[in-house]
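Listing of model.cif, mmCIF, C-alpha atoms and all ligand atoms
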```cif
data_final
loop_
_atom_site.label_atom_id
_atom_site.label_comp_id
_atom_site.auth_asym_id
_atom_site.auth_seq_id
_atom_site.Cartn_x
_atom_site.Cartn_y
_atom_site.Cartn_z
CA MET A 1 -1.59 -15.30 -5.68
CA ARG A 2 -4.33 -13.52 -7.60
CA LEU A 3 -4.30 -13.53 -11.40
CA LEU A 4 -6.69 -11.76 -13.75
CA PHE A 5 -6.53 -12.85 -17.39
CA VAL A 6 -8.44 -10.62 -19.83
CA GLY A 7 -9.63 -12.03 -23.18
CA ASP A 8 -8.99 -10.70 -26.69
CA VAL A 9 -9.30 -6.91 -26.57
CA VAL A 10 -11.04 -5.74 -29.75
CA GLY A 11 -10.52 -2.21 -31.05
CA ARG A 12 -11.13 1.11 -29.36
CA SER A 13 -14.13 -0.06 -27.36
CA GLY A 14 -12.19 -3.00 -25.90
CA ARG A 15 -9.19 -0.82 -25.14
CA ALA A 16 -11.38 1.70 -23.31
CA ALA A 17 -12.69 -1.09 -21.06
CA VAL A 18 -9.15 -2.22 -20.23
CA LEU A 19 -7.92 1.31 -19.52
CA GLN A 20 -10.92 2.05 -17.29
CA GLN A 21 -11.29 -1.28 -15.48
CA VAL A 22 -7.77 -2.63 -14.91
CA PRO A 23 -6.69 0.06 -12.40
CA LEU A 24 -9.98 -0.34 -10.47
CA LEU A 25 -9.84 -4.14 -10.42
CA ARG A 26 -6.16 -4.21 -9.47
CA GLN A 27 -7.03 -2.23 -6.38
CA ARG A 28 -10.43 -3.78 -5.57
CA TRP A 29 -9.20 -7.36 -5.78
CA ARG A 30 -5.55 -6.71 -4.77
CA LEU A 31 -4.38 -8.45 -7.93
CA ASP A 32 -0.84 -9.79 -8.17
CA PHE A 33 -0.82 -10.14 -11.95
CA VAL A 34 -2.92 -8.92 -14.87
CA VAL A 35 -2.40 -10.49 -18.29
CA VAL A 36 -4.30 -9.26 -21.36
CA ASN A 37 -4.64 -10.86 -24.79
CA GLY A 38 -4.08 -7.96 -27.18
CA GLU A 39 -4.09 -9.59 -30.63
CA ASN A 40 -7.09 -7.54 -31.81
CA ALA A 41 -6.39 -4.31 -29.94
CA ALA A 42 -5.45 -2.15 -32.96
CA GLY A 43 -8.58 -1.76 -35.09
CA GLY A 44 -9.31 -5.45 -34.59
CA PHE A 45 -6.02 -6.55 -36.17
CA GLY A 46 -2.79 -6.81 -34.21
CA ILE A 47 -1.30 -4.33 -31.79
CA THR A 48 0.85 -1.20 -31.91
CA GLU A 49 3.65 -0.22 -29.56
CA ALA A 50 1.61 2.76 -28.31
CA ILE A 51 -1.22 0.43 -27.27
CA VAL A 52 1.15 -1.94 -25.45
CA GLN A 53 2.56 1.02 -23.54
CA GLU A 54 -0.93 2.30 -22.70
CA PHE A 55 -1.86 -1.11 -21.28
CA LEU A 56 1.34 -1.41 -19.23
CA ALA A 57 0.83 2.12 -17.89
CA VAL A 58 -2.57 1.24 -16.34
CA GLY A 59 -1.30 -1.86 -14.56
CA VAL A 60 -1.27 -4.64 -17.14
CA ASP A 61 1.77 -6.85 -16.46
CA ALA A 62 1.99 -8.59 -19.82
CA VAL A 63 0.22 -8.81 -23.19
CA THR A 64 -0.24 -12.06 -25.13
CA LEU A 65 -1.05 -12.38 -28.81
CA GLY A 66 -2.35 -14.95 -31.31
CA ASN A 67 -2.86 -15.48 -35.02
CA HIS A 68 -3.17 -11.69 -35.48
CA ALA A 69 0.16 -11.03 -33.70
CA PHE A 70 1.86 -9.35 -36.65
CA ASP A 71 -1.10 -7.81 -38.50
CA GLN A 72 0.39 -4.42 -37.61
CA ARG A 73 3.73 -4.72 -39.35
CA GLU A 74 5.45 -2.48 -36.77
CA ALA A 75 5.08 -5.33 -34.26
CA LEU A 76 7.78 -7.25 -36.13
CA ALA A 77 10.22 -4.52 -35.09
CA PHE A 78 9.07 -3.31 -31.66
CA ILE A 79 8.33 -6.75 -30.18
CA ASP A 80 12.05 -7.32 -29.67
CA ARG A 81 12.32 -4.29 -27.36
CA GLN A 82 9.08 -5.05 -25.50
CA PRO A 83 9.82 -7.93 -23.08
CA ARG A 84 6.24 -7.98 -21.75
CA LEU A 85 4.73 -8.66 -25.18
CA ILE A 86 4.46 -12.40 -25.87
CA ARG A 87 3.64 -13.95 -29.26
CA PRO A 88 2.79 -17.60 -29.93
CA ALA A 89 5.71 -19.91 -29.07
CA ASN A 90 5.10 -22.22 -32.02
CA TYR A 91 5.91 -19.77 -34.80
CA PRO A 92 8.89 -20.93 -36.88
CA PRO A 93 12.41 -20.43 -35.49
CA GLY A 94 13.66 -16.93 -36.27
CA THR A 95 10.29 -15.21 -35.75
CA PRO A 96 10.86 -11.90 -33.90
CA GLY A 97 9.92 -11.68 -30.22
CA ARG A 98 9.41 -14.43 -27.64
CA GLY A 99 6.86 -17.14 -26.98
CA ALA A 100 7.24 -16.98 -23.19
CA ALA A 101 8.34 -14.55 -20.51
CA VAL A 102 8.84 -14.54 -16.76
CA ILE A 103 7.37 -11.41 -15.17
CA GLU A 104 8.28 -10.48 -11.60
CA ASN A 105 5.91 -8.26 -9.64
CA ALA A 106 6.70 -5.71 -6.92
CA ALA A 107 6.34 -8.39 -4.21
CA GLY A 108 8.94 -10.58 -5.93
CA ALA A 109 6.47 -13.22 -7.23
CA ARG A 110 7.46 -14.70 -10.57
CA LEU A 111 4.89 -15.62 -13.23
CA LEU A 112 5.80 -17.56 -16.37
CA ILE A 113 3.49 -16.65 -19.26
CA VAL A 114 3.39 -18.78 -22.41
CA ASN A 115 1.30 -18.26 -25.56
CA VAL A 116 0.65 -21.02 -28.12
CA LEU A 117 -1.48 -21.30 -31.24
CA GLY A 118 -3.64 -24.29 -32.08
CA ARG A 119 -3.35 -25.96 -35.48
CA ILE A 120 -6.93 -27.12 -36.14
CA PHE A 121 -8.83 -24.77 -38.50
CA MET A 122 -5.89 -22.36 -38.26
CA GLU A 123 -2.75 -21.62 -40.25
CA ALA A 124 -0.13 -24.37 -40.35
CA LEU A 125 2.38 -23.96 -37.55
CA ASP A 126 4.86 -25.90 -35.47
CA ASP A 127 3.60 -28.39 -32.88
CA PRO A 128 2.18 -26.49 -29.86
CA PHE A 129 2.81 -29.45 -27.52
CA ALA A 130 6.51 -29.52 -28.40
CA ALA A 131 6.72 -25.72 -28.13
CA LEU A 132 5.20 -25.86 -24.63
CA GLU A 133 7.64 -28.56 -23.60
CA ARG A 134 10.50 -26.33 -24.69
CA GLU A 135 9.19 -23.19 -22.96
CA LEU A 136 8.22 -24.87 -19.67
CA ALA A 137 11.41 -26.86 -19.19
CA PRO A 138 13.60 -24.04 -17.79
CA PHE A 139 10.90 -22.88 -15.31
CA PRO A 140 9.33 -25.79 -13.41
CA LEU A 141 6.34 -24.77 -11.31
CA GLY A 142 7.34 -23.93 -7.74
CA ASP A 143 11.01 -23.96 -8.59
CA GLY A 144 11.88 -21.68 -11.52
CA CYS A 145 8.71 -19.65 -11.00
CA ASP A 146 5.77 -19.28 -8.62
CA ALA A 147 3.00 -19.68 -11.19
CA VAL A 148 2.56 -20.56 -14.84
CA VAL A 149 -0.20 -19.26 -17.12
CA VAL A 150 -0.60 -20.58 -20.65
CA ASP A 151 -2.73 -18.69 -23.20
CA VAL A 152 -3.96 -21.39 -25.57
CA HIS A 153 -5.07 -19.46 -28.63
CA ALA A 154 -7.07 -21.91 -30.70
CA GLU A 155 -10.27 -22.47 -32.64
CA ALA A 156 -11.03 -26.11 -31.81
CA THR A 157 -12.38 -26.91 -28.34
CA SER A 158 -10.91 -30.43 -28.56
CA GLU A 159 -7.40 -29.11 -29.10
CA LYS A 160 -7.77 -26.70 -26.16
CA TRP A 161 -8.93 -29.47 -23.82
CA ALA A 162 -6.10 -31.75 -24.97
CA LEU A 163 -3.52 -29.01 -24.41
CA ALA A 164 -5.01 -28.31 -20.96
CA HIS A 165 -4.75 -31.96 -19.90
CA TYR A 166 -1.23 -32.09 -21.31
CA LEU A 167 -0.29 -29.12 -19.10
CA ASP A 168 -2.26 -30.20 -16.00
CA GLY A 169 0.04 -30.43 -12.99
CA ARG A 170 2.63 -28.20 -14.65
CA ALA A 171 0.61 -25.03 -15.16
CA SER A 172 -1.41 -22.92 -12.73
CA ALA A 173 -3.86 -21.84 -15.40
CA VAL A 174 -4.58 -22.80 -19.00
CA ILE A 175 -6.71 -20.07 -20.55
CA GLY A 176 -8.36 -20.46 -23.94
CA THR A 177 -8.59 -17.43 -26.23
CA HIS A 178 -9.40 -16.67 -29.90
CA THR A 179 -13.07 -17.61 -30.38
CA HIS A 180 -14.27 -14.32 -28.80
CA ALA A 181 -17.17 -16.15 -27.09
CA PRO A 182 -16.88 -16.96 -23.36
CA SER A 183 -17.46 -20.59 -22.45
CA ALA A 184 -19.16 -21.69 -19.21
CA ASP A 185 -16.79 -24.58 -18.42
CA HIS A 186 -14.22 -22.94 -16.14
CA ARG A 187 -12.98 -25.50 -13.65
CA ILE A 188 -9.93 -26.90 -11.84
CA LEU A 189 -8.56 -29.99 -13.59
CA SER A 190 -7.59 -33.09 -11.58
CA GLY A 191 -3.91 -32.12 -11.54
CA GLY A 192 -4.58 -28.60 -10.23
CA ALA A 193 -4.61 -26.43 -13.35
CA ALA A 194 -7.39 -23.87 -13.71
CA PHE A 195 -8.93 -24.11 -17.18
CA ILE A 196 -11.51 -22.44 -19.39
CA THR A 197 -12.07 -23.31 -23.06
CA ASP A 198 -12.43 -19.64 -23.93
CA VAL A 199 -12.39 -16.54 -21.78
CA GLY A 200 -14.32 -14.50 -24.40
CA MET A 201 -13.44 -11.18 -25.96
CA THR A 202 -13.27 -7.74 -24.42
CA GLY A 203 -15.30 -5.83 -26.97
CA ASP A 204 -18.79 -4.88 -28.13
CA TYR A 205 -20.96 -8.02 -28.24
CA ASP A 206 -23.52 -6.28 -30.54
CA SER A 207 -21.30 -7.41 -33.39
CA VAL A 208 -19.93 -10.43 -35.21
CA ILE A 209 -17.13 -11.48 -32.84
CA GLY A 210 -16.25 -7.84 -32.21
CA MET A 211 -16.63 -6.52 -35.74
CA ASP A 212 -19.38 -4.18 -36.95
CA LYS A 213 -22.14 -6.48 -38.23
CA ASP A 214 -22.66 -5.04 -41.73
CA GLU A 215 -19.57 -6.28 -43.57
CA PRO A 216 -19.60 -9.81 -42.06
CA LEU A 217 -23.30 -10.16 -42.97
CA ARG A 218 -22.61 -8.99 -46.53
CA ARG A 219 -19.80 -11.52 -46.88
CA PHE A 220 -21.87 -14.37 -45.44
CA THR A 221 -24.86 -13.62 -47.65
CA LYS A 222 -23.31 -12.31 -50.88
CA ARG A 223 -19.84 -13.89 -50.71
CA ILE A 224 -18.28 -10.71 -52.14
CA PRO A 225 -16.31 -8.38 -49.83
CA SER A 226 -17.53 -4.80 -50.18
CA GLY A 227 -15.69 -3.08 -47.37
CA ARG A 228 -13.24 -3.47 -44.52
CA PHE A 229 -13.90 -5.20 -41.24
CA GLU A 230 -14.24 -2.46 -38.60
CA PRO A 231 -14.53 -3.05 -34.85
CA ALA A 232 -18.00 -2.40 -33.43
CA GLN A 233 -17.97 0.81 -31.40
CA GLY A 234 -20.59 0.14 -28.70
CA PRO A 235 -19.65 -0.33 -25.04
CA ALA A 236 -17.45 -3.36 -24.45
CA THR A 237 -17.93 -6.19 -22.03
CA LEU A 238 -14.62 -6.85 -20.30
CA CYS A 239 -14.36 -10.64 -20.27
CA ALA A 240 -11.75 -12.23 -18.05
CA VAL A 241 -11.13 -15.02 -15.59
CA ALA A 242 -10.06 -14.62 -11.98
CA VAL A 243 -7.66 -17.32 -10.78
CA GLU A 244 -6.58 -17.88 -7.17
CA ILE A 245 -3.25 -19.72 -7.07
CA ALA A 246 -1.86 -21.52 -4.01
CA SER A 247 1.74 -21.30 -2.81
CA THR A 248 2.34 -24.66 -4.55
CA GLY A 249 1.65 -22.93 -7.88
CA LEU A 250 -1.51 -24.98 -8.45
CA ALA A 251 -4.89 -23.29 -8.75
CA LYS A 252 -7.41 -23.10 -5.90
CA ALA A 253 -10.28 -21.41 -7.73
CA ILE A 254 -11.31 -19.94 -11.06
CA ALA A 255 -14.29 -17.75 -11.87
CA PRO A 256 -15.47 -15.73 -14.84
CA VAL A 257 -15.41 -11.93 -14.84
CA ARG A 258 -17.78 -9.94 -17.05
CA ILE A 259 -18.08 -6.18 -16.65
CA GLY A 260 -20.10 -3.69 -18.70
CA GLY A 261 -21.68 -3.96 -22.13
CA LEU A 262 -24.31 -6.51 -23.11
CA LEU A 263 -23.37 -9.66 -21.19
CA ASN A 264 -24.62 -10.48 -17.71
CA ALA A 265 -22.20 -9.29 -15.05
CA ALA A 266 -19.98 -11.81 -13.24
CA ALA A 267 -17.36 -11.51 -10.52
CA PRO A 268 -15.43 -14.00 -8.38
CA GLU A 269 -17.19 -14.68 -5.06
CA PHE A 270 -13.93 -15.85 -3.53
CA TRP A 271 -12.48 -12.31 -3.76
CA SER A 272 -15.56 -10.45 -2.43
FE FE B 301 -8.92 -12.66 -31.19
FE FE B 302 -7.19 -15.11 -32.76
#
```

Would you mind giving the structure from this file in structure tokens?
Amino acid sequence: MRLLFVGDVVGRSGRAAVLQQVPLLRQRWRLDFVVVNGENAAGGFGITEAIVQEFLAVGVDAVTLGNHAFDQREALAFIDRQPRLIRPANYPPGTPGRGAAVIENAAGARLLIVNVLGRIFMEALDDPFAALERELAPFPLGDGCDAVVVDVHAEATSEKWALAHYLDGRASAVIGTHTHAPSADHRILSGGAAFITDVGMTGDYDSVIGMDKDEPLRRFTKRIPSGRFEPAQGPATLCAVAVEIASTGLAKAIAPVRIGGLLNAAAPEFWS
């Protein structure tokens, strides 16, 4: 099974990369599933229903979120009618939407997708380990579903590694998001889970983590906000990972994908 997971899509430039590349990559690599982190898709903050629909229309199977999940207030309402939109599982009970979803593709393969938020250097939330336990229990790998991907949306690399080891053997892929900078440590863990600390953002890298440089620089140097954060508008680099999953549900290979924009290009050799 072939999975493409695309990192945090930032603003218009990131969305354009998704809309252009996903249909091409689906075909070129005969992808079974495409999952996109969309927490920054609407002007850098949250996501709208129109954007979710645009993504699904070009071949995205599901959209995960993060700490910016509800920055667009409309998400609190539409998330309940959008079963392919997944917010962090460790929000308090009663939060609209779902922290996990099983998506079935045209060939009948079933992918469980879970999203959790870290707690280090982030807002206080419920325990992500306990939330994962709860979400994974009904869908054991190879029984309730054919593959499991967990989007670990966290700031601290230590917490991401710990969550990955905790999930190893029970997840096909543990994909770090949120920092907006791709890490070079993609690998298969000893128990068979594919892992990367952070997949990187899909946005303009001539920026401060996707935002136009001027306002972040003013805030860092003068401390006083003097404008809004706006997404940088240059061409995006689509940052993703390609994961090949065996019939056991464990991963066989993982490789970075970088297309367009300022970063060096990368593509999985095992799909060429
Ligand atoms: Fe993000
Ligand atoms: Fe985030």

Residue nearest Ala232 in chain A among A:Phe139, A:Trp161, A:Tyr205, A:Phe270 (counting all atoms listed in the file): A:Tyr205

Nearby residues, (-0.8, -7.3, -5.8) file frame, 12 Å, only C-alpha atoms, as a ChimeraX atom specification: /A:1-4,23,25-34,59-61,104-109

Nearest to Gly191 in chain A by atom-to-atom distance, counting all atoms listed in the file, from A:Asp127, A:Glu135, A:Asp168, A:Glu159: A:Asp168

Of the listed residues A:Ile259, A:Ala240, A:Ile103, A:Val10, that which approaches ligand FE 301 (chain B) most closely, counting all atoms listed in the file: A:Val10

Contacts of range 40-52 of chain A at 8 Å (all atoms listed in the file; same-chain gap of 5+ positions) as a list in words: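 Residues near the query, excluding close chain neighbours: Asp8, Val9, Val10, Gly11, Arg12, Gly14, Arg15, Val63, Leu65, His68, Ala69, Phe70, Asp71, Gln72, Glu74, Ala75, Phe78, Leu85, Gly210, Met211, Glu230 and Pro231 of chain A.
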
Expected selection as a ChimeraX atom specification for ligand FE 302 (chain B) within 12 Å, all atoms listed in the file: /A:7-10,37-41,44-46,64-71,87-88,115-119,121-123,151-156,176-181,198,200-201,209-210

Contacts of Val148 in chain A within 12 Å, only C-alpha atoms, excl. fewer than 6 positions in-chain, as JSON, numbers by chain: {"A": [1, 3, 33, 35, 100, 101, 102, 103, 109, 110, 111, 112, 113, 114, 115, 132, 135, 136, 137, 138, 139, 140, 141, 142, 167, 168, 169, 170, 171, 172, 173, 174, 175, 192, 193, 194, 243, 245, 246, 248, 249, 250, 251]}

CA of Ala147 in chain A to CA of Glu269 in chain A, straight-line distance in Å: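 Between CA of Glu269 in chain A and CA of Ala147 in chain A the gap is 21.7 Å.
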
Which centre and which edge lengths, in Å to one decimal, describe the axis-aligned box that holds all listed atoms of range 250-255 of chain A after 4 Å is added on each side, as AutoDock Vina command-line options?
```
--center_x -7.9 --center_y -21.4 --center_z -8.9 --size_x 20.8 --size_y 15.2 --size_z 14.0
```

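For the pair CA of Ala77 in chain A and CA of Gly227 in chain A, the separation is 28.7 Å.
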